[in-house]
$ cat run27.txt   # compact mmCIF, C-alpha atoms
# COMPACT_ATOMS: atom_id res chain seq x y z
CA GLN A 204 64.33 43.23 -58.84
CA ARG A 205 61.17 44.84 -57.61
CA ALA A 206 59.10 42.40 -59.59
CA LEU A 207 61.12 39.54 -58.19
CA LEU A 208 60.70 40.93 -54.67
CA LEU A 209 56.94 41.34 -55.19
CA GLU A 210 56.72 37.81 -56.56
CA GLN A 211 58.63 36.52 -53.57
CA GLN A 212 56.36 38.46 -51.16
CA ARG A 213 53.28 37.08 -52.92
CA HIS A 214 54.68 33.60 -52.68
CA ASN A 215 55.48 34.05 -48.95
CA ALA A 216 52.01 35.49 -48.30
CA ALA A 217 50.37 32.58 -50.14
CA SER A 218 52.49 30.09 -48.16
CA LYS A 219 51.53 31.77 -44.88
CA ILE A 220 47.83 31.74 -45.79
CA GLN A 221 48.01 28.06 -46.73
CA ALA A 222 49.85 27.27 -43.49
CA ILE A 223 47.22 29.14 -41.51
CA PHE A 224 44.39 27.24 -43.20
CA ARG A 225 46.22 23.94 -42.80
CA GLY A 226 46.81 24.70 -39.11
CA SER A 227 43.24 25.80 -38.47
CA LYS A 228 41.96 22.70 -40.25
CA GLU A 229 44.24 20.48 -38.17
CA ARG A 230 43.26 22.32 -35.00
CA ARG A 231 39.58 21.99 -35.93
CA CYS A 232 40.03 18.24 -36.53
CA ARG A 233 41.85 17.84 -33.21
CA LYS A 234 39.16 19.88 -31.46
CA GLU A 235 36.40 17.74 -33.00
CA GLU A 236 38.27 14.57 -31.98
CA LYS A 237 38.59 15.86 -28.41
CA GLU A 238 34.90 16.75 -28.31
CA GLN A 239 34.03 13.29 -29.65
CA GLN A 240 36.23 11.69 -26.97
CA LYS A 241 34.57 13.80 -24.28
CA LEU A 242 31.12 12.77 -25.53
CA LEU A 243 32.17 9.12 -25.54
CA ALA A 244 33.57 9.47 -22.01
CA ILE A 245 30.34 11.11 -20.82
CA GLU A 246 28.26 8.36 -22.45
CA GLU A 247 30.47 5.70 -20.86
CA ALA A 248 30.20 7.37 -17.46
CA ALA A 249 26.42 7.60 -17.82
CA ARG A 250 26.25 3.94 -18.79
CA LYS A 251 28.42 2.92 -15.84
CA THR A 252 26.35 5.07 -13.48
CA LYS A 253 23.16 3.51 -14.77
CA GLU A 254 24.64 0.02 -14.40
CA ALA A 255 25.80 0.87 -10.87
CA GLU A 256 22.33 2.15 -9.97
CA GLU A 257 20.71 -0.97 -11.38
CA GLU A 258 23.19 -3.14 -9.50
CA ALA A 259 22.51 -1.22 -6.28
CA VAL A 260 18.77 -1.63 -6.73
CA ARG A 261 19.20 -5.33 -7.46
CA LYS A 262 21.40 -5.80 -4.40
CA ALA A 263 18.96 -3.87 -2.21
CA LYS A 264 16.10 -6.05 -3.40
CA GLU A 265 18.13 -9.19 -2.76
CA GLU A 266 19.04 -7.96 0.73
CA GLU A 267 15.41 -7.14 1.49
CA LEU A 268 14.31 -10.57 0.32
CA GLU A 269 17.05 -12.23 2.34
CA ALA A 270 16.12 -10.20 5.44
CA ALA A 271 12.46 -11.14 5.02
CA ARG A 272 13.40 -14.81 4.55
CA LYS A 273 15.53 -14.75 7.69
CA ALA A 274 12.74 -13.07 9.65
CA ARG A 275 10.26 -15.71 8.50
CA GLU A 276 12.68 -18.50 9.41
CA THR A 277 13.28 -16.96 12.85
CA GLU A 278 9.54 -16.71 13.40
CA ARG A 279 9.04 -20.33 12.30
CA GLN A 280 11.71 -21.49 14.73
CA ALA A 281 10.09 -19.55 17.56
CA ILE A 282 6.73 -21.13 16.72
CA ARG A 283 8.28 -24.61 16.68
CA GLN A 284 9.92 -24.00 20.04
CA ARG A 285 6.65 -22.76 21.55
CA ALA A 286 4.83 -25.79 20.14
CA LEU A 287 7.43 -28.16 21.64
CA LEU A 288 7.24 -26.42 25.00
CA LEU A 289 3.44 -26.54 25.01
CA GLU A 290 3.48 -30.22 24.02
CA GLN A 291 5.88 -31.00 26.86
CA GLN A 292 3.71 -29.06 29.28
CA ARG A 293 0.57 -30.88 28.10
CA HIS A 294 2.30 -34.23 28.43
CA ASN A 295 3.56 -33.40 31.91
CA ALA A 296 0.14 -32.14 32.95
CA ALA A 297 -1.54 -35.30 31.63
CA SER A 298 0.98 -37.50 33.45
CA LYS A 299 0.44 -35.57 36.65
CA ILE A 300 -3.33 -35.77 36.31
CA GLN A 301 -3.12 -39.53 35.82
CA ALA A 302 -0.90 -39.83 38.90
CA ILE A 303 -3.38 -37.79 40.91
CA PHE A 304 -6.26 -40.10 40.05
CA ARG A 305 -4.22 -43.15 41.03
CA GLY A 306 -3.67 -41.90 44.61
CA SER A 307 -6.05 -41.56 47.56
CA LYS A 308 -8.70 -38.88 47.70
CA GLU A 309 -6.82 -36.72 50.23
CA ARG A 310 -3.55 -37.13 48.47
CA ARG A 311 -5.36 -36.43 45.24
CA CYS A 312 -6.77 -33.19 46.65
CA ARG A 313 -3.36 -32.04 47.89
CA LYS A 314 -1.75 -33.00 44.62
CA GLU A 315 -4.46 -31.24 42.65
CA GLU A 316 -3.81 -28.03 44.52
CA LYS A 317 -0.08 -28.35 43.97
CA GLU A 318 -0.61 -29.29 40.35
CA GLN A 319 -2.93 -26.37 39.87
CA GLN A 320 -0.26 -24.06 41.24
CA LYS A 321 2.39 -25.71 39.06
CA LEU A 322 0.15 -25.44 35.99
CA LEU A 323 -0.46 -21.78 36.71
CA ALA A 324 3.29 -21.29 37.10
CA ILE A 325 3.92 -23.23 33.88
CA GLU A 326 1.32 -21.18 32.02
CA GLU A 327 2.87 -17.98 33.36
CA ALA A 328 6.34 -19.18 32.33
CA ALA A 329 5.01 -20.16 28.88
CA ARG A 330 3.39 -16.75 28.48
CA LYS A 331 6.63 -14.99 29.48
CA THR A 332 8.64 -17.25 27.15
CA LYS A 333 6.26 -16.52 24.30
CA GLU A 334 6.52 -12.78 24.94
CA ALA A 335 10.31 -12.97 25.09
CA GLU A 336 10.42 -14.96 21.83
CA GLU A 337 8.11 -12.49 20.11
CA GLU A 338 10.28 -9.62 21.34
CA ALA A 339 13.42 -11.38 20.07
CA VAL A 340 11.78 -11.98 16.67
CA ARG A 341 10.68 -8.34 16.50
CA LYS A 342 14.19 -7.11 17.39
CA ALA A 343 15.77 -9.45 14.81
CA LYS A 344 13.42 -8.12 12.13
CA GLU A 345 14.22 -4.52 13.06
CA GLU A 346 17.95 -5.20 12.96
CA GLU A 347 17.73 -6.89 9.57
CA LEU A 348 15.65 -4.07 8.13
CA GLU A 349 18.07 -1.50 9.56
CA ALA A 350 21.03 -3.37 8.05
CA ALA A 351 19.28 -3.46 4.65
CA ARG A 352 18.50 0.27 4.91
CA LYS A 353 22.13 1.07 5.76
CA ALA A 354 23.36 -1.02 2.82
CA ARG A 355 21.03 0.81 0.45
CA GLU A 356 22.14 4.17 1.83
CA THR A 357 25.81 3.22 1.42
CA GLU A 358 25.19 2.25 -2.20
CA ARG A 359 23.35 5.50 -2.87
CA GLN A 360 26.20 7.51 -1.39
CA ALA A 361 28.72 5.63 -3.52
CA ILE A 362 26.64 6.32 -6.63
CA ARG A 363 26.37 10.01 -5.75
CA GLN A 364 30.12 10.23 -5.23
CA ARG A 365 30.78 8.57 -8.58
CA ALA A 366 28.31 10.91 -10.25
CA LEU A 367 29.99 13.93 -8.64
CA LEU A 368 33.40 12.67 -9.79
CA LEU A 369 32.12 12.21 -13.32
CA GLU A 370 30.73 15.74 -13.45
$ encode --input "run27.txt" --output "structure tokens"
Amino acid sequence: QRALLLEQQRHNAASKIQAIFRGSKERRCRKEEKEQQKLLAIEEAARKTKEAEEEAVRKAKEEELEAARKARETERQAIRQRALLLEQQRHNAASKIQAIFRGSKERRCRKEEKEQQKLLAIEEAARKTKEAEEEAVRKAKEEELEAARKARETERQAIRQRALLLE
């Protein structure tokens, strides 16, 4: 009976040892699988972060180009408007000069004085208009640049938040 009991104990001990090794092997495999999944998740997060950064940079560049294009177009429009205004003023001045020379000498002198005053007023108005247009163009450029800067900052913050979440 003792021999049978010893044999049974040996068998139980061998079974327990095998179970332990089987369990540790299974646990080791599961642990390695989990580590592999974590590595894959980290790589995926890094890839997504890199893609997001590249997308943010691309968008920022596009916004900067668009803002510059709009600023150039605004400046071109202001130049066209100034040119039209100056052309109108030149035409009006030429017409008035022709009218002056058609009249009598006294009338011509009076008209010349009035025309001179009007021309000075027109030149002053043109100068003020030009200054106002330049100021408007400058403000538009500043607003567009500020909007582009805010967009870039928003994208950077979003990327930082994603990176913090991934950590």
$ closest_residue --input "run27.txt" --among "A:Val340, A:Cys232, A:Ile245, A:Ala222" --to "A:Leu369" --atoms "only C-alpha atoms"
A:Ile245
$ atom_distance --input "run27.txt" --atom1 "atom CA of A:Ala263" --atom2 "atom CA of A:Ala281"
26.7 Å
$ residues_around --input "run27.txt" --residues "A:Ala361" --least-positions-apart "4" --cutoff "12 Å" --atoms "only C-alpha atoms" --output "ChimeraX atom specification"
/A:252,255-256,258-259,354-357,365-368
$ closest_atom_pairs --input "run27.txt" --of "stretch 206-281 of chain A" --to "stretch 342-350 of chain A" --cutoff "8 Å" --atoms "only C-alpha atoms" --output "Markdown table"
| residue | atom | partner | partner_atom | distance |
| --- | --- | --- | --- | --- |
| A:Glu267 | CA | A:Leu348 | CA | 7.3 |
| A:Ala270 | CA | A:Glu347 | CA | 5.5 |
| A:Ala271 | CA | A:Lys344 | CA | 7.8 |
| A:Ala274 | CA | A:Lys344 | CA | 5.6 |
$ closest_residue --input "run27.txt" --among "A:Lys321, A:Arg352, A:Lys237, A:His214" --to "A:Gln292" --atoms "all atoms listed in the file"
A:Lys321
$ atom_distance --input "run27.txt" --atom1 "atom CA of A:His294" --atom2 "atom CA of A:Ala324"
15.6 Å
$ closest_residue --input "run27.txt" --among "A:Ala217, A:Ala351, A:Ala296, A:Leu323" --to "A:Lys264" --atoms "only C-alpha atoms"
A:Ala351
$ atom_distance --input "run27.txt" --atom1 "atom CA of A:Glu290" --atom2 "atom CA of A:Arg310"
26.4 Å
$ decode --input "run27.txt" --residues "stretch 247-324 of chain A" --atoms "C-alpha atoms" --output "short mmCIF file (atom, residue, chain, number, x, y, z; two decimals), in the first residue's frame"
data_model
loop_
_atom_site.label_atom_id
_atom_site.label_comp_id
_atom_site.auth_asym_id
_atom_site.auth_seq_id
_atom_site.Cartn_x
_atom_site.Cartn_y
_atom_site.Cartn_z
CA GLU A 247 -0.55 52.73 -34.87
CA ALA A 248 -0.91 55.70 -32.54
CA ALA A 249 2.50 57.02 -33.63
CA ARG A 250 1.53 56.62 -37.28
CA LYS A 251 -1.79 58.40 -36.72
CA THR A 252 -0.05 61.19 -34.80
CA LYS A 253 2.48 61.61 -37.58
CA GLU A 254 -0.30 61.66 -40.19
CA ALA A 255 -2.23 64.20 -38.12
CA GLU A 256 0.86 66.40 -37.81
CA GLU A 257 1.49 66.18 -41.55
CA GLU A 258 -2.15 66.99 -42.23
CA ALA A 259 -2.00 69.96 -39.85
CA VAL A 260 1.15 71.25 -41.53
CA ARG A 261 -0.42 70.80 -44.96
CA LYS A 262 -3.59 72.61 -43.87
CA ALA A 263 -1.57 75.43 -42.31
CA LYS A 264 0.40 75.86 -45.53
CA GLU A 265 -2.80 75.87 -47.56
CA GLU A 266 -4.35 78.45 -45.23
CA GLU A 267 -1.25 80.64 -45.44
CA LEU A 268 -1.28 80.44 -49.22
CA GLU A 269 -4.98 81.22 -49.33
CA ALA A 270 -4.53 84.17 -46.95
CA ALA A 271 -1.67 85.51 -49.09
CA ARG A 272 -3.76 85.07 -52.24
CA LYS A 273 -6.68 86.92 -50.69
CA ALA A 274 -4.38 89.71 -49.52
CA ARG A 275 -2.94 90.06 -53.02
CA GLU A 276 -6.42 90.10 -54.55
CA THR A 277 -7.57 92.74 -52.05
CA GLU A 278 -4.53 94.85 -52.86
CA ARG A 279 -5.16 94.48 -56.61
CA GLN A 280 -8.76 95.59 -56.17
CA ALA A 281 -7.66 98.62 -54.17
CA ILE A 282 -5.16 99.52 -56.89
CA ARG A 283 -7.84 99.16 -59.59
CA GLN A 284 -10.21 101.38 -57.62
CA ARG A 285 -7.53 104.03 -57.13
CA ALA A 286 -6.69 103.90 -60.84
CA LEU A 287 -10.37 104.34 -61.78
CA LEU A 288 -10.75 107.23 -59.36
CA LEU A 289 -7.61 108.93 -60.68
CA GLU A 290 -8.75 108.41 -64.27
CA GLN A 291 -12.12 109.97 -63.47
CA GLN A 292 -10.42 112.88 -61.75
CA ARG A 293 -8.07 113.41 -64.72
CA HIS A 294 -10.99 113.29 -67.14
CA ASN A 295 -13.00 115.75 -65.05
CA ALA A 296 -10.00 118.05 -64.72
CA ALA A 297 -9.37 117.95 -68.48
CA SER A 298 -13.03 118.70 -69.20
CA LYS A 299 -12.98 121.58 -66.77
CA ILE A 300 -9.78 122.96 -68.24
CA GLN A 301 -11.28 122.83 -71.72
CA ALA A 302 -14.39 124.62 -70.48
CA ILE A 303 -12.23 127.30 -68.88
CA PHE A 304 -10.42 128.04 -72.12
CA ARG A 305 -13.71 128.34 -73.99
CA GLY A 306 -14.99 131.15 -71.73
CA SER A 307 -13.94 134.79 -71.40
CA LYS A 308 -10.70 135.80 -69.76
CA GLU A 309 -12.34 137.00 -66.53
CA ARG A 310 -14.60 134.04 -66.32
CA ARG A 311 -11.61 131.88 -67.12
CA CYS A 312 -9.66 133.42 -64.25
CA ARG A 313 -12.51 132.90 -61.78
CA LYS A 314 -13.05 129.38 -63.01
CA GLU A 315 -9.34 128.63 -62.79
CA GLU A 316 -9.29 129.67 -59.17
CA LYS A 317 -12.35 127.58 -58.42
CA GLU A 318 -10.95 124.68 -60.41
CA GLN A 319 -7.66 124.96 -58.61
CA GLN A 320 -9.47 124.76 -55.29
CA LYS A 321 -11.56 121.83 -56.53
CA LEU A 322 -8.45 120.05 -57.82
CA LEU A 323 -6.73 120.58 -54.48
CA ALA A 324 -9.83 119.22 -52.74
#
